[in-house]
file work38.cif (mmCIF, C-alpha atoms and all ligand atoms; chains and numbers go by the auth columns)
data_start
#
loop_
_atom_site.group_PDB
_atom_site.id
_atom_site.type_symbol
_atom_site.label_atom_id
_atom_site.label_comp_id
_atom_site.label_asym_id
_atom_site.label_seq_id
_atom_site.Cartn_x
_atom_site.Cartn_y
_atom_site.Cartn_z
_atom_site.B_iso_or_equiv
_atom_site.auth_seq_id
_atom_site.auth_asym_id
ATOM 1 C CA PHE A 1 18.700 41.695 64.820 0.00 773 A
ATOM 2 C CA PRO A 2 19.025 44.371 67.559 0.00 774 A
ATOM 3 C CA GLU A 3 16.833 46.928 65.778 0.00 775 A
ATOM 4 C CA GLN A 4 13.947 44.445 65.756 0.00 776 A
ATOM 5 C CA ARG A 5 14.850 43.296 69.298 0.00 777 A
ATOM 6 C CA PHE A 6 15.317 39.598 68.639 0.00 778 A
ATOM 7 C CA PHE A 7 17.941 36.940 68.030 0.00 779 A
ATOM 8 C CA LEU A 8 17.379 34.377 65.278 0.00 780 A
ATOM 9 C CA ILE A 9 18.720 31.018 66.406 0.00 781 A
ATOM 10 C CA ARG A 10 19.557 28.277 63.932 0.00 782 A
ATOM 11 C CA ALA A 11 19.617 25.023 65.841 0.00 783 A
ATOM 12 C CA HIS A 12 22.233 22.385 65.100 0.00 784 A
ATOM 13 C CA GLU A 13 19.546 20.141 63.623 0.00 785 A
ATOM 14 C CA GLY A 14 18.481 22.965 61.265 0.00 786 A
ATOM 15 C CA GLY A 15 15.382 24.477 62.860 0.00 787 A
ATOM 16 C CA PHE A 16 14.916 28.205 63.490 0.00 788 A
ATOM 17 C CA LEU A 17 13.807 29.951 66.680 0.00 789 A
ATOM 18 C CA ALA A 18 13.379 33.706 67.230 0.00 790 A
ATOM 19 C CA VAL A 19 13.842 34.875 70.828 0.00 791 A
ATOM 20 C CA HIS A 20 13.082 38.305 72.252 0.00 792 A
ATOM 21 C CA ASN A 21 16.175 40.146 73.460 0.00 793 A
ATOM 22 C CA ARG A 22 14.354 41.452 76.553 0.00 794 A
ATOM 23 C CA CYS A 23 14.934 39.704 79.849 0.00 795 A
ATOM 24 C CA PRO A 24 11.671 38.320 81.318 0.00 796 A
ATOM 25 C CA HIS A 25 12.737 39.496 84.789 0.00 797 A
ATOM 26 C CA LEU A 26 12.635 43.305 84.476 0.00 798 A
ATOM 27 C CA GLY A 27 13.099 43.855 80.755 0.00 799 A
ATOM 28 C CA CYS A 28 16.814 44.590 80.355 0.00 800 A
ATOM 29 C CA THR A 29 18.406 43.800 76.996 0.00 801 A
ATOM 30 C CA VAL A 30 20.244 40.486 76.946 0.00 802 A
ATOM 31 C CA THR A 31 23.433 39.913 74.979 0.00 803 A
ATOM 32 C CA TRP A 32 24.802 36.789 73.293 0.00 804 A
ATOM 33 C CA GLU A 33 28.153 35.544 74.600 0.00 805 A
ATOM 34 C CA PRO A 34 29.413 33.183 71.880 0.00 806 A
ATOM 35 C CA GLU A 35 32.478 32.033 73.800 0.00 807 A
ATOM 36 C CA LYS A 36 30.196 30.801 76.604 0.00 808 A
ATOM 37 C CA ASN A 37 27.339 29.707 74.320 0.00 809 A
ATOM 38 C CA HIS A 38 24.686 31.563 76.313 0.00 810 A
ATOM 39 C CA PHE A 39 22.724 34.796 76.603 0.00 811 A
ATOM 40 C CA LEU A 40 23.494 37.072 79.555 0.00 812 A
ATOM 41 C CA CYS A 41 21.344 39.743 81.182 0.00 813 A
ATOM 42 C CA PRO A 42 23.623 42.516 82.448 0.00 814 A
ATOM 43 C CA CYS A 43 21.181 43.755 85.087 0.00 815 A
ATOM 44 C CA HIS A 44 21.061 40.816 87.506 0.00 816 A
ATOM 45 C CA ALA A 45 23.319 38.276 85.784 0.00 817 A
ATOM 46 C CA ALA A 46 20.596 35.911 84.569 0.00 818 A
ATOM 47 C CA LYS A 47 21.843 33.429 81.981 0.00 819 A
ATOM 48 C CA PHE A 48 19.911 31.711 79.189 0.00 820 A
ATOM 49 C CA ASP A 49 21.160 28.779 77.168 0.00 821 A
ATOM 50 C CA PHE A 50 21.481 28.481 73.370 0.00 822 A
ATOM 51 C CA TYR A 51 17.683 28.127 73.037 0.00 823 A
ATOM 52 C CA GLY A 52 16.926 30.976 75.455 0.00 824 A
ATOM 53 C CA ASP A 53 15.964 28.663 78.295 0.00 825 A
ATOM 54 C CA PHE A 54 16.799 30.081 81.717 0.00 826 A
ATOM 55 C CA GLU A 55 19.716 28.691 83.668 0.00 827 A
ATOM 56 C CA ASN A 56 19.498 30.526 86.990 0.00 828 A
ATOM 57 C CA PRO A 57 17.342 32.882 89.097 0.00 829 A
ATOM 58 C CA PRO A 58 16.003 35.547 89.255 0.00 830 A
ATOM 59 C CA VAL A 59 14.220 35.074 85.939 0.00 831 A
ATOM 60 C CA PRO A 60 10.826 33.332 86.016 0.00 832 A
ATOM 61 C CA ARG A 61 10.908 31.806 82.516 0.00 833 A
ATOM 62 C CA PRO A 62 12.908 31.511 79.277 0.00 834 A
ATOM 63 C CA LEU A 63 13.279 34.334 76.779 0.00 835 A
ATOM 64 C CA ASP A 64 9.999 34.917 74.986 0.00 836 A
ATOM 65 C CA THR A 65 9.709 33.844 71.353 0.00 837 A
ATOM 66 C CA PHE A 66 8.314 35.316 68.151 0.00 838 A
ATOM 67 C CA LYS A 67 6.441 33.411 65.474 0.00 839 A
ATOM 68 C CA VAL A 68 8.705 32.199 62.656 0.00 840 A
ATOM 69 C CA THR A 69 7.460 31.218 59.214 0.00 841 A
ATOM 70 C CA ILE A 70 9.466 30.146 56.182 0.00 842 A
ATOM 71 C CA GLU A 71 8.286 30.678 52.623 0.00 843 A
ATOM 72 C CA ASP A 72 10.371 30.024 49.520 0.00 844 A
ATOM 73 C CA ARG A 73 13.451 29.575 51.733 0.00 845 A
ATOM 74 C CA VAL A 74 12.982 33.034 53.294 0.00 846 A
ATOM 75 C CA VAL A 75 12.649 33.259 57.088 0.00 847 A
ATOM 76 C CA TYR A 76 10.029 35.699 58.397 0.00 848 A
ATOM 77 C CA VAL A 77 9.744 36.738 62.050 0.00 849 A
ATOM 78 C CA ASP A 78 6.532 38.328 63.323 0.00 850 A
ATOM 79 C CA THR A 79 7.642 40.629 66.156 0.00 851 A
ATOM 80 C CA SER A 80 4.163 41.936 66.931 0.00 852 A
ATOM 81 C CA THR A 81 3.457 39.588 69.850 0.00 853 A
ATOM 82 C CA PRO A 82 6.065 37.946 72.107 0.00 854 A
ATOM 83 C CA GLU A 83 4.997 34.494 73.251 0.00 855 A
ATOM 84 C CA GLN A 84 5.812 33.200 76.731 0.00 856 A
ATOM 85 C CA ARG A 85 6.913 29.604 77.319 0.00 857 A
ATOM 86 C CA LYS A 86 7.807 27.476 80.339 0.00 858 A
ATOM 87 C CA HIS A 87 10.859 25.754 78.847 0.00 859 A
ATOM 88 C CA PHE A 88 12.458 25.118 75.502 0.00 860 A
ATOM 89 C CA GLU A 89 10.853 22.262 73.577 0.00 861 A
ATOM 90 C CA ALA A 90 11.863 20.977 70.152 0.00 862 A
ATOM 91 C CA GLU A 91 8.370 21.737 68.828 0.00 863 A
ATOM 92 C CA GLN A 92 9.211 25.460 69.097 0.00 864 A
ATOM 93 C CA LEU A 93 11.652 25.147 66.182 0.00 865 A
ATOM 94 C CA THR A 94 10.498 25.973 62.642 0.00 866 A
ATOM 95 C CA TYR A 95 11.975 24.062 59.726 0.00 867 A
ATOM 96 C CA VAL A 96 12.310 24.848 56.033 0.00 868 A
HETATM 97 FE FE1 LIG B . 17.424 40.435 83.686 0.00 901 A
HETATM 98 FE FE2 LIG B . 16.887 41.131 86.171 0.00 901 A
HETATM 99 S S1 LIG B . 16.376 42.197 84.369 0.00 901 A
HETATM 100 S S2 LIG B . 17.950 39.387 85.473 0.00 901 A
#

call {"tool": "encode", "arguments": {"input": "work38.cif", "output": "C-alpha cells", "more": "lines below"}}
Ligand code: FES
result
Amino acid sequence: FPEQRFFLIRAHEGGFLAVHNRCPHLGCTVTWEPEKNHFLCPCHAAKFDFYGDFENPPVPRPLDTFKVTIEDRVVYVDTSTPEQRKHFEAEQLTYV
C-alpha cells in the first residue's frame, strides 16, 4: 500500500503484520524484492527479511510496524503511529 506507506505481510502461518516502508536508517523508501524474499533500501543497501527484520548494517533496527486489527474478517491498519521494535517476534502478528 504505497500511498499509505506500508506493506501488509501475511505470514505463512496466517498472521498479519504491517510494516512501515521507510528505512529506519535515514528514512528512504524500501522496496519489496519478491525473487529474493526481502525488502531492500536503495540508499545504502540495507536489507530486511520477510518480517522486516534487519539483515545487515547500517540500519539500527527492523522496519517499524503499525497496529493491525481485524474485525469481521476485515484487516485495519492504523498508520498514525509507527512502532519501533528490536527484532521480529511472533507476538507481533495479528490473527483473524
Ligand atoms: Fe536505508 Fe540508509 S537510508 S540504509

call {"tool": "resolve_selection", "arguments": {"input": "work38.cif", "expression": "the PyMOL selection byres (((not hetatm)) within 10 of (chain A and resi 901))", "output": "PDB file with C-alpha atoms, keeping the file's coordinate frame"}}
result
ATOM      1  CA  ARG A 794      14.354  41.452  76.553  1.00  0.00           C
ATOM      2  CA  CYS A 795      14.934  39.704  79.849  1.00  0.00           C
ATOM      3  CA  PRO A 796      11.671  38.320  81.318  1.00  0.00           C
ATOM      4  CA  HIS A 797      12.737  39.496  84.789  1.00  0.00           C
ATOM      5  CA  LEU A 798      12.635  43.305  84.476  1.00  0.00           C
ATOM      6  CA  GLY A 799      13.099  43.855  80.755  1.00  0.00           C
ATOM      7  CA  CYS A 800      16.814  44.590  80.355  1.00  0.00           C
ATOM      8  CA  THR A 801      18.406  43.800  76.996  1.00  0.00           C
ATOM      9  CA  VAL A 802      20.244  40.486  76.946  1.00  0.00           C
ATOM     10  CA  LEU A 812      23.494  37.072  79.555  1.00  0.00           C
ATOM     11  CA  CYS A 813      21.344  39.743  81.182  1.00  0.00           C
ATOM     12  CA  PRO A 814      23.623  42.516  82.448  1.00  0.00           C
ATOM     13  CA  CYS A 815      21.181  43.755  85.087  1.00  0.00           C
ATOM     14  CA  HIS A 816      21.061  40.816  87.506  1.00  0.00           C
ATOM     15  CA  ALA A 817      23.319  38.276  85.784  1.00  0.00           C
ATOM     16  CA  ALA A 818      20.596  35.911  84.569  1.00  0.00           C
ATOM     17  CA  LYS A 819      21.843  33.429  81.981  1.00  0.00           C
ATOM     18  CA  ASN A 828      19.498  30.526  86.990  1.00  0.00           C
ATOM     19  CA  PRO A 829      17.342  32.882  89.097  1.00  0.00           C
ATOM     20  CA  PRO A 830      16.003  35.547  89.255  1.00  0.00           C
ATOM     21  CA  VAL A 831      14.220  35.074  85.939  1.00  0.00           C
ATOM     22  CA  PRO A 832      10.826  33.332  86.016  1.00  0.00           C
TER      23      PRO A 832
END

call {"tool": "resolve_selection", "arguments": {"input": "work38.cif", "expression": "the PyMOL selection byres (((chain A and resi 786) around 9) and not hetatm)", "output": "JSON, numbers by chain"}}
result
{"A": [782, 783, 784, 785, 787, 788, 865, 866, 867, 868]}

call {"tool": "resolve_selection", "arguments": {"input": "work38.cif", "expression": "the PyMOL selection byres (((chain A and resi 834) around 8) and not hetatm)", "output": "MDAnalysis selection string"}}
result
chainID A and resid 796 820 824:826 831:833 835:836 856:860

call {"tool": "atom_distance", "arguments": {"input": "work38.cif", "atom1": "atom CA of A:Phe822", "atom2": "atom CA of A:Val847"}}
result
19.1 Å

call {"tool": "atom_distance", "arguments": {"input": "work38.cif", "atom1": "atom CA of A:Lys839", "atom2": "atom CA of A:Asn809"}}
result
23.0 Å
